[in-house]
file coords-v6.cif (mmCIF, C-alpha atoms)
data_run
loop_
_atom_site.label_atom_id
_atom_site.label_comp_id
_atom_site.auth_asym_id
_atom_site.auth_seq_id
_atom_site.Cartn_x
_atom_site.Cartn_y
_atom_site.Cartn_z
CA LYS A 1253 14.40 -4.33 4.50
CA PRO A 1254 16.91 -3.20 7.14
CA VAL A 1255 20.52 -3.28 5.96
CA VAL A 1256 23.49 -4.44 8.01
CA ARG A 1257 25.92 -1.75 6.85
CA PRO A 1258 25.22 1.88 5.96
CA PRO A 1259 24.65 2.21 2.21
CA THR A 1260 27.05 4.38 0.21
CA LYS A 1261 24.23 5.23 -2.19
CA LEU A 1262 20.53 4.62 -2.71
CA GLU A 1263 19.71 2.69 -5.86
CA LEU A 1264 16.32 1.78 -7.32
CA ILE A 1265 15.99 -2.01 -7.45
CA LYS A 1266 12.42 -2.44 -8.65
CA TYR A 1267 9.12 -0.61 -8.82
CA GLU A 1268 5.53 -1.60 -9.44
CA LYS A 1269 2.79 0.80 -10.58
CA THR A 1270 -0.29 0.97 -8.39
CA PRO A 1271 -3.79 2.00 -9.54
CA SER A 1272 -4.13 4.61 -6.80
CA TYR A 1273 -1.94 6.83 -4.66
CA CYS A 1274 0.09 4.88 -2.11
CA TRP A 1275 0.53 7.02 1.01
CA GLY A 1276 2.76 4.61 2.90
CA VAL A 1277 4.15 1.09 3.10
CA SER A 1278 5.23 -1.19 5.94
CA TRP A 1279 6.55 -4.74 6.28
CA ARG A 1280 4.50 -7.63 7.60
CA GLU A 1281 5.96 -10.47 9.64
CA ASP A 1282 5.42 -12.86 6.71
CA GLY A 1283 7.76 -10.82 4.49
CA ASN A 1284 5.02 -9.16 2.44
CA ILE A 1285 4.21 -5.44 2.51
CA ILE A 1286 1.02 -3.50 3.11
CA CYS A 1287 0.36 -0.37 1.09
CA SER A 1288 -1.95 2.42 2.32
CA THR A 1289 -3.95 3.92 -0.56
CA ASN A 1290 -6.20 6.90 -1.16
CA LYS A 1291 -9.20 4.92 -2.38
CA ASN A 1292 -8.55 1.16 -2.36
CA GLY A 1293 -8.09 0.69 1.38
CA VAL A 1294 -5.01 -1.40 2.19
CA GLU A 1295 -3.24 -3.51 -0.40
CA VAL A 1296 -1.18 -6.55 0.59
CA ARG A 1297 1.69 -7.00 -1.89
CA SER A 1298 4.38 -9.60 -2.29
CA GLY A 1299 7.68 -8.68 -0.66
CA THR A 1300 9.58 -10.26 -3.56
CA ASP A 1301 7.90 -8.99 -6.74
CA LEU A 1302 5.46 -6.37 -5.31
CA LYS A 1303 2.48 -8.04 -7.01
CA LEU A 1304 -0.96 -7.53 -5.48
CA ILE A 1305 -2.02 -10.41 -3.19
CA LYS A 1306 -5.27 -9.03 -1.77
CA LYS A 1307 -7.14 -5.87 -0.80
CA ILE A 1308 -8.49 -4.93 2.62
CA ASN A 1309 -11.49 -2.66 2.10
CA ILE A 1310 -11.53 0.54 4.19
CA SER A 1311 -13.60 3.62 3.32
CA GLY A 1312 -11.61 6.85 2.99
CA SER A 1313 -7.93 7.51 2.41
CA VAL A 1314 -5.63 5.30 4.48
CA TRP A 1315 -2.50 7.24 5.44
CA SER A 1316 -0.78 4.60 7.56
CA ALA A 1317 -1.25 0.86 8.04
CA TYR A 1318 0.72 -1.58 10.17
CA SER A 1319 0.29 -5.27 10.83
CA VAL A 1320 1.47 -6.89 14.09
CA GLY A 1321 0.46 -10.54 14.30
CA ASP A 1322 -3.30 -10.63 13.70
CA THR A 1323 -3.69 -6.96 14.62
CA LEU A 1324 -4.07 -4.26 11.96
CA ILE A 1325 -3.60 -0.59 12.94
CA THR A 1326 -4.69 2.07 10.44
CA LYS A 1327 -5.01 5.85 10.21
CA VAL A 1328 -7.85 6.97 7.95
CA ASP A 1329 -8.96 10.30 6.45
CA ASN A 1330 -12.70 10.43 5.84
CA ASP A 1331 -14.40 13.77 5.10
CA ASP A 1332 -11.75 15.80 6.99
CA THR A 1333 -12.09 13.62 10.08
CA TYR A 1334 -9.01 11.59 10.89
CA SER A 1335 -9.35 8.34 12.81
CA THR A 1336 -6.96 5.70 14.12
CA TYR A 1337 -8.37 2.18 14.30
CA ILE A 1338 -7.28 -1.14 15.78
CA GLY A 1339 -8.75 -4.23 14.15
CA THR A 1340 -7.99 -7.21 11.97
CA GLU A 1341 -7.83 -7.76 8.23
CA SER A 1342 -11.40 -9.09 8.29
CA ASN A 1343 -12.62 -6.24 10.52
CA PRO A 1344 -10.08 -3.39 10.15
CA GLN A 1345 -12.19 -0.69 11.88
CA HIS A 1346 -13.21 -2.78 14.88
CA THR A 1347 -12.06 -0.31 17.57
CA LEU A 1348 -11.72 3.47 17.27
CA LEU A 1349 -8.52 4.43 19.07
CA HIS A 1350 -8.52 8.18 18.43
CA GLN A 1351 -10.36 10.72 16.26
CA TYR A 1352 -9.72 14.38 15.56
CA GLU A 1353 -10.48 17.08 13.00
CA SER A 1354 -7.80 18.99 11.15
CA ASN A 1355 -7.01 20.43 7.74
CA TYR A 1356 -3.94 18.25 7.48
CA VAL A 1357 -3.33 14.61 8.19
CA SER A 1358 -0.45 13.08 10.14
CA GLN A 1359 1.06 9.63 10.34
CA LEU A 1360 1.50 6.97 13.01
CA SER A 1361 4.20 4.43 13.84
CA VAL A 1362 3.89 0.94 15.28
CA SER A 1363 6.42 -1.38 16.92
CA ASP A 1364 5.93 -4.88 18.33
CA ASN A 1365 4.46 -3.50 21.57
CA MET A 1366 3.74 0.20 21.06
CA ILE A 1367 1.79 2.69 18.94
CA ALA A 1368 2.86 6.33 18.44
CA ASP A 1369 0.09 8.48 16.95
CA ILE A 1370 0.29 12.20 16.15
CA ASP A 1371 -2.72 14.43 16.80
CA ARG A 1372 -1.77 17.34 14.55
CA ALA A 1373 -4.67 19.48 15.74
CA SER A 1374 -3.62 19.48 19.41
CA LYS A 1375 0.08 18.82 18.61
CA GLN A 1376 0.38 15.87 20.91
CA LEU A 1377 2.26 12.63 20.31
CA MET A 1378 0.10 9.94 21.89
CA ILE A 1379 1.70 6.70 23.06
CA TYR A 1380 -0.39 3.50 23.38
CA THR A 1381 0.24 -0.16 24.00
CA ILE A 1382 -0.24 -2.39 20.96
CA THR A 1383 -3.67 -3.33 22.33
CA GLY A 1384 -4.75 0.32 22.50
CA ASN A 1385 -4.26 1.24 26.16
CA HIS A 1386 -3.17 4.88 26.46
CA LEU A 1387 0.16 5.30 28.27
CA TYR A 1388 1.05 9.01 28.02
CA ASN A 1389 1.40 11.98 25.66
CA ILE A 1390 4.52 13.82 24.53
CA ASP A 1391 3.87 17.54 24.14
CA ILE A 1392 5.06 18.74 20.70
CA SER A 1393 3.05 21.98 20.71
CA ASP A 1394 6.11 24.08 19.80
CA MET A 1395 6.36 22.30 16.45
CA ARG A 1396 4.64 24.02 13.54
CA SER A 1397 3.25 21.03 11.64
CA PRO A 1398 4.20 17.68 13.22
CA THR A 1399 3.46 15.09 10.56
CA GLY A 1400 5.76 12.06 10.34
CA VAL A 1401 6.68 9.72 13.19
CA HIS A 1402 8.90 6.65 13.59
CA ILE A 1403 9.57 4.50 16.66
CA LEU A 1404 13.25 3.55 16.60
CA PRO A 1405 14.01 -0.20 16.68
CA ALA A 1406 15.37 -0.13 20.25
CA GLY A 1407 11.90 0.99 21.40
CA ASP A 1408 13.20 3.72 23.72
CA SER A 1409 13.01 6.72 21.36
CA VAL A 1410 10.84 8.20 18.65
CA LEU A 1411 11.44 10.55 15.70
CA VAL A 1412 8.97 13.28 14.66
CA SER A 1413 9.15 15.37 11.48
CA ASP A 1414 8.01 19.00 11.37
CA TRP A 1415 6.59 19.76 7.93
CA GLY A 1416 7.44 23.10 6.32
CA ASP A 1417 9.81 25.08 4.07
CA GLU A 1418 12.26 25.15 6.96
CA GLY A 1419 11.36 21.83 8.50
CA GLU A 1420 13.18 19.61 10.93
CA VAL A 1421 13.30 16.17 12.54
CA ARG A 1422 13.40 15.70 16.31
CA LYS A 1423 14.28 12.75 18.48
CA TYR A 1424 12.43 12.26 21.78
CA LYS A 1425 12.84 9.73 24.55
CA LEU A 1426 9.82 7.46 25.01
CA GLN A 1427 9.04 8.11 28.64
CA ALA A 1428 6.22 9.63 30.65
CA GLY A 1429 6.65 13.16 31.99
CA GLU A 1430 5.24 16.66 31.77
CA HIS A 1431 8.20 18.33 30.09
CA HIS A 1432 9.71 16.61 27.09
CA GLN A 1433 12.81 18.11 25.52
CA PRO A 1434 14.16 16.67 22.27
CA VAL A 1435 17.36 14.65 22.44
CA TRP A 1436 18.41 16.39 19.23
CA ARG A 1437 17.03 18.42 16.34
CA CYS A 1438 18.07 18.14 12.69
CA THR A 1439 17.08 21.42 11.03
CA GLY A 1440 17.26 22.83 7.51
CA LEU A 1441 15.08 20.18 5.86
CA THR A 1442 12.49 21.03 3.21
CA HIS A 1443 9.04 19.53 3.81
CA PRO A 1444 10.18 16.41 5.72
CA LEU A 1445 7.43 13.82 5.90
CA GLY A 1446 7.84 10.03 6.24
CA ILE A 1447 10.68 8.67 8.38
CA THR A 1448 12.34 5.28 8.76
CA SER A 1449 15.70 3.88 9.90
CA ASP A 1450 17.93 0.91 9.13
CA GLN A 1451 19.74 -1.63 11.29
CA SER A 1452 22.90 0.49 11.42
CA GLY A 1453 20.97 3.43 12.89
CA LEU A 1454 20.91 5.66 9.83
CA ILE A 1455 17.69 7.66 9.42
CA TYR A 1456 15.91 8.29 6.13
CA VAL A 1457 13.42 11.14 5.67
CA VAL A 1458 11.31 11.76 2.58
CA SER A 1459 10.90 15.31 1.26
CA ALA A 1460 7.66 15.14 -0.70
CA PHE A 1461 7.91 18.45 -2.59
CA GLU A 1462 11.65 18.22 -3.22
CA LYS A 1463 11.37 14.60 -4.43
CA LYS A 1464 14.42 13.60 -2.44
CA ILE A 1465 15.42 11.42 0.51
CA TYR A 1466 17.50 12.89 3.36
CA GLN A 1467 19.96 10.59 5.11
CA ILE A 1468 20.61 11.54 8.74
CA SER A 1469 23.08 10.10 11.22
CA PRO A 1470 21.86 8.51 14.48
CA GLN A 1471 23.14 11.64 16.27
CA GLY A 1472 20.99 13.93 14.11
#

call {"tool": "encode", "arguments": {"input": "coords-v6.cif", "output": "structure tokens"}}
result
Amino acid sequence: KPVVRPPTKLELIKYEKTPSYCWGVSWREDGNIICSTNKNGVEVRSGTDLKLIKKINISGSVWSAYSVGDTLITKVDNDDTYSTYIGTESNPQHTLLHQYESNYVSQLSVSDNMIADIDRASKQLMIYTITGNHLYNIDISDMRSPTGVHILPAGDSVLVSDWGDEGEVRKYKLQAGEHHQPVWRCTGLTHPLGITSDQSGLIYVVSAFEKKIYQISPQG
């Protein structure tokens, strides 16, 4: 959960083994978490003891899953075709929002009223309303492998990670326009992937290959 003050250290509180790979987690409004897996669809787990509550069946590997009210937004890898869906827990693949083909998957981020979805093939960051209406794209074509994305809590900016040996994280303003320049760039990161932030503004970035978590200031 978000913390009020910046932590002086990161300490493991609890862990729970899962039967399959968990690609990502996010909080639900009821305090539970949803876990995206490589073969079991989406798992709903208790926010207190991490025990499995129920499974939401989705074919393929689910890379991202977010719940906003009764709406479920997922990003799914199925036979090298990557698709973003808007649906419900009972019908998770009700509406296809976007589909593309690529050798590598990317993530998405969801706020209370907005969806940010990376198309890694065309290197575009696509911005939608929570109901799936397309608003605009942010051109990130000069990034090598845009992969992770996180809408900041204020809802006016977004973070994008560029995967690679000499990777980076960029901050962009969420606004329509043909030429988007990053607000800042944090370089020198090794294989940055998933991104999140806390209530104090600190940013946390996972380095998958290095098995570490980078902590970045709000100024990058």

call {"tool": "closest_atom_pairs", "arguments": {"input": "coords-v6.cif", "of": "segment 1417-1469 of chain A", "to": "segment 1359-1379 of chain A", "cutoff": "12 Å", "atoms": "all atoms listed in the file", "output": "Markdown table"}}
result
| residue | atom | partner | partner_atom | distance |
| --- | --- | --- | --- | --- |
| A:Tyr1424 | CA | A:Leu1377 | CA | 10.3 |
| A:Lys1425 | CA | A:Ile1379 | CA | 11.6 |
| A:Leu1426 | CA | A:Ile1379 | CA | 8.4 |
| A:Gln1427 | CA | A:Ile1379 | CA | 9.3 |
| A:Ala1428 | CA | A:Ile1379 | CA | 9.3 |
| A:Glu1430 | CA | A:Gln1376 | CA | 11.9 |
| A:His1432 | CA | A:Leu1377 | CA | 10.8 |
| A:Leu1445 | CA | A:Gln1359 | CA | 8.8 |
| A:Gly1446 | CA | A:Gln1359 | CA | 7.9 |
| A:Ile1447 | CA | A:Ser1361 | CA | 9.5 |
| A:Thr1448 | CA | A:Ser1361 | CA | 9.6 |

call {"tool": "resolve_selection", "arguments": {"input": "coords-v6.cif", "expression": "the PyMOL selection byres ((chain A and resi 1335) around 6)", "output": "list of chain:residue names"}}
result
A:Lys1327, A:Val1328, A:Tyr1334, A:Thr1336, A:His1350, A:Gln1351

call {"tool": "resolve_selection", "arguments": {"input": "coords-v6.cif", "expression": "the PyMOL selection byres ((chain A and resi 1338-1346) around 12)", "output": "ChimeraX atom specification"}}
result
/A:1286,1293-1296,1306-1312,1314,1316-1328,1335-1337,1347-1350,1362,1367,1380-1385

call {"tool": "residues_around", "arguments": {"input": "coords-v6.cif", "residues": "Glu1418 of chain A", "least_positions_apart": "2", "cutoff": "6 Å", "atoms": "all atoms listed in the file", "output": "ChimeraX atom specification"}}
result
/A:1416,1440-1442

call {"tool": "resolve_selection", "arguments": {"input": "coords-v6.cif", "expression": "the PyMOL selection byres ((chain A and resi 1419) around 10)", "output": "ChimeraX atom specification"}}
result
/A:1395-1398,1413-1418,1420-1421,1438-1445,1459

call {"tool": "atom_distance", "arguments": {"input": "coords-v6.cif", "atom1": "atom CA of Asn1290 of chain A", "atom2": "atom CA of Ser1449 of chain A"}}
result
24.7 Å

call {"tool": "closest_residue", "arguments": {"input": "coords-v6.cif", "among": "A:Gly1472, A:Pro1434, A:Gly1283, A:Gly1299", "to": "Leu1454 of chain A", "atoms": "only C-alpha atoms"}}
result
A:Gly1472

call {"tool": "closest_residue", "arguments": {"input": "coords-v6.cif", "among": "A:Gln1433, A:Ser1278, A:Thr1333, A:Thr1289", "to": "Trp1315 of chain A", "atoms": "all atoms listed in the file"}}
result
A:Thr1289

call {"tool": "atom_distance", "arguments": {"input": "coords-v6.cif", "atom1": "atom CA of Ile1465 of chain A", "atom2": "atom CA of Lys1291 of chain A"}}
result
25.6 Å

call {"tool": "atom_distance", "arguments": {"input": "coords-v6.cif", "atom1": "atom CA of Tyr1388 of chain A", "atom2": "atom CA of Asp1408 of chain A"}}
result
13.9 Å

call {"tool": "decode", "arguments": {"input": "coords-v6.cif", "residues": "segment 1343-1355 of chain A", "atoms": "all heavy atoms", "output": "mmCIF file, in the first residue's frame"}}
result
data_model
loop_
_atom_site.group_PDB
_atom_site.id
_atom_site.type_symbol
_atom_site.label_atom_id
_atom_site.label_comp_id
_atom_site.auth_asym_id
_atom_site.auth_seq_id
_atom_site.Cartn_x
_atom_site.Cartn_y
_atom_site.Cartn_z
ATOM 1 N N ASN A 1343 -16.882 -11.746 -17.409
ATOM 2 C CA ASN A 1343 -16.634 -11.730 -18.853
ATOM 3 C C ASN A 1343 -15.410 -10.843 -19.123
ATOM 4 O O ASN A 1343 -15.536 -9.731 -19.628
ATOM 5 C CB ASN A 1343 -17.857 -11.213 -19.599
ATOM 6 C CG ASN A 1343 -17.728 -11.355 -21.109
ATOM 7 O OD1 ASN A 1343 -16.772 -11.945 -21.618
ATOM 8 N ND2 ASN A 1343 -18.690 -10.803 -21.829
ATOM 9 N N PRO A 1344 -14.213 -11.333 -18.764
ATOM 10 C CA PRO A 1344 -13.016 -10.476 -18.786
ATOM 11 C C PRO A 1344 -12.569 -10.028 -20.167
ATOM 12 O O PRO A 1344 -11.869 -9.024 -20.297
ATOM 13 C CB PRO A 1344 -11.945 -11.352 -18.114
ATOM 14 C CG PRO A 1344 -12.425 -12.751 -18.307
ATOM 15 C CD PRO A 1344 -13.916 -12.687 -18.263
ATOM 16 N N GLN A 1345 -12.934 -10.744 -21.232
ATOM 17 C CA GLN A 1345 -12.508 -10.392 -22.583
ATOM 18 C C GLN A 1345 -13.692 -9.905 -23.413
ATOM 19 O O GLN A 1345 -13.811 -10.205 -24.590
ATOM 20 C CB GLN A 1345 -11.809 -11.587 -23.233
ATOM 21 C CG GLN A 1345 -10.492 -11.944 -22.533
ATOM 22 C CD GLN A 1345 -9.909 -13.266 -22.981
ATOM 23 O OE1 GLN A 1345 -10.461 -14.329 -22.691
ATOM 24 N NE2 GLN A 1345 -8.790 -13.215 -23.689
ATOM 25 N N HIS A 1346 -14.535 -9.115 -22.780
ATOM 26 C CA HIS A 1346 -15.760 -8.637 -23.433
ATOM 27 C C HIS A 1346 -15.457 -7.742 -24.623
ATOM 28 O O HIS A 1346 -16.033 -7.892 -25.702
ATOM 29 C CB HIS A 1346 -16.623 -7.891 -22.418
ATOM 30 C CG HIS A 1346 -17.890 -7.342 -23.001
ATOM 31 N ND1 HIS A 1346 -17.988 -6.068 -23.525
ATOM 32 C CD2 HIS A 1346 -19.125 -7.897 -23.154
ATOM 33 C CE1 HIS A 1346 -19.198 -5.868 -23.969
ATOM 34 N NE2 HIS A 1346 -19.920 -6.951 -23.765
ATOM 35 N N THR A 1347 -14.537 -6.771 -24.450
ATOM 36 C CA THR A 1347 -14.238 -5.807 -25.511
ATOM 37 C C THR A 1347 -12.738 -5.765 -25.775
ATOM 38 O O THR A 1347 -11.946 -5.567 -24.845
ATOM 39 C CB THR A 1347 -14.722 -4.399 -25.128
ATOM 40 O OG1 THR A 1347 -16.125 -4.441 -24.850
ATOM 41 C CG2 THR A 1347 -14.447 -3.403 -26.241
ATOM 42 N N LEU A 1348 -12.349 -5.949 -27.031
ATOM 43 C CA LEU A 1348 -10.950 -5.830 -27.424
ATOM 44 C C LEU A 1348 -10.610 -4.359 -27.598
ATOM 45 O O LEU A 1348 -11.152 -3.687 -28.470
ATOM 46 C CB LEU A 1348 -10.694 -6.588 -28.723
ATOM 47 C CG LEU A 1348 -9.279 -6.485 -29.305
ATOM 48 C CD1 LEU A 1348 -8.265 -7.132 -28.367
ATOM 49 C CD2 LEU A 1348 -9.209 -7.135 -30.689
ATOM 50 N N LEU A 1349 -9.706 -3.858 -26.778
ATOM 51 C CA LEU A 1349 -9.316 -2.451 -26.856
ATOM 52 C C LEU A 1349 -8.212 -2.235 -27.885
ATOM 53 O O LEU A 1349 -8.254 -1.293 -28.676
ATOM 54 C CB LEU A 1349 -8.850 -1.970 -25.480
ATOM 55 C CG LEU A 1349 -8.481 -0.484 -25.363
ATOM 56 C CD1 LEU A 1349 -9.719 0.379 -25.592
ATOM 57 C CD2 LEU A 1349 -7.881 -0.200 -23.990
ATOM 58 N N HIS A 1350 -7.217 -3.121 -27.886
ATOM 59 C CA HIS A 1350 -6.088 -2.961 -28.809
ATOM 60 C C HIS A 1350 -5.400 -4.304 -28.976
ATOM 61 O O HIS A 1350 -5.338 -5.107 -28.039
ATOM 62 C CB HIS A 1350 -5.091 -1.936 -28.281
ATOM 63 C CG HIS A 1350 -3.969 -1.640 -29.226
ATOM 64 N ND1 HIS A 1350 -4.152 -0.930 -30.397
ATOM 65 C CD2 HIS A 1350 -2.657 -1.962 -29.194
ATOM 66 C CE1 HIS A 1350 -2.991 -0.825 -31.042
ATOM 67 N NE2 HIS A 1350 -2.075 -1.447 -30.326
ATOM 68 N N GLN A 1351 -4.876 -4.553 -30.176
ATOM 69 C CA GLN A 1351 -4.147 -5.795 -30.442
ATOM 70 C C GLN A 1351 -2.966 -5.498 -31.348
ATOM 71 O O GLN A 1351 -3.070 -4.687 -32.274
ATOM 72 C CB GLN A 1351 -5.064 -6.821 -31.111
ATOM 73 C CG GLN A 1351 -4.419 -8.197 -31.287
ATOM 74 C CD GLN A 1351 -5.407 -9.204 -31.859
ATOM 75 O OE1 GLN A 1351 -5.738 -9.143 -33.042
ATOM 76 N NE2 GLN A 1351 -5.873 -10.123 -31.031
ATOM 77 N N TYR A 1352 -1.833 -6.127 -31.053
ATOM 78 C CA TYR A 1352 -0.661 -5.964 -31.905
ATOM 79 C C TYR A 1352 0.217 -7.197 -31.813
ATOM 80 O O TYR A 1352 0.056 -8.022 -30.913
ATOM 81 C CB TYR A 1352 0.133 -4.719 -31.512
ATOM 82 C CG TYR A 1352 0.792 -4.786 -30.150
ATOM 83 C CD1 TYR A 1352 2.132 -5.127 -30.018
ATOM 84 C CD2 TYR A 1352 0.082 -4.501 -29.002
ATOM 85 C CE1 TYR A 1352 2.741 -5.192 -28.774
ATOM 86 C CE2 TYR A 1352 0.681 -4.549 -27.755
ATOM 87 C CZ TYR A 1352 2.005 -4.905 -27.646
ATOM 88 O OH TYR A 1352 2.596 -4.976 -26.417
ATOM 89 N N GLU A 1353 1.144 -7.328 -32.758
ATOM 90 C CA GLU A 1353 2.066 -8.450 -32.771
ATOM 91 C C GLU A 1353 3.471 -7.945 -32.507
ATOM 92 O O GLU A 1353 3.889 -6.915 -33.035
ATOM 93 C CB GLU A 1353 2.002 -9.175 -34.111
ATOM 94 C CG GLU A 1353 0.656 -9.846 -34.385
ATOM 95 C CD GLU A 1353 0.646 -10.599 -35.699
ATOM 96 O OE1 GLU A 1353 1.708 -10.632 -36.359
ATOM 97 O OE2 GLU A 1353 -0.407 -11.148 -36.049
ATOM 98 N N SER A 1354 4.196 -8.664 -31.680
ATOM 99 C CA SER A 1354 5.557 -8.281 -31.334
ATOM 100 C C SER A 1354 6.246 -9.470 -30.705
ATOM 101 O O SER A 1354 5.599 -10.404 -30.225
ATOM 102 C CB SER A 1354 5.552 -7.091 -30.361
ATOM 103 O OG SER A 1354 6.857 -6.803 -29.920
ATOM 104 N N ASN A 1355 7.583 -9.434 -30.695
ATOM 105 C CA ASN A 1355 8.339 -10.496 -30.041
ATOM 106 C C ASN A 1355 8.392 -10.316 -28.530
ATOM 107 O O ASN A 1355 8.743 -11.234 -27.807
ATOM 108 C CB ASN A 1355 9.776 -10.547 -30.582
ATOM 109 C CG ASN A 1355 9.822 -10.995 -32.031
ATOM 110 O OD1 ASN A 1355 9.001 -11.796 -32.455
ATOM 111 N ND2 ASN A 1355 10.764 -10.481 -32.779
#
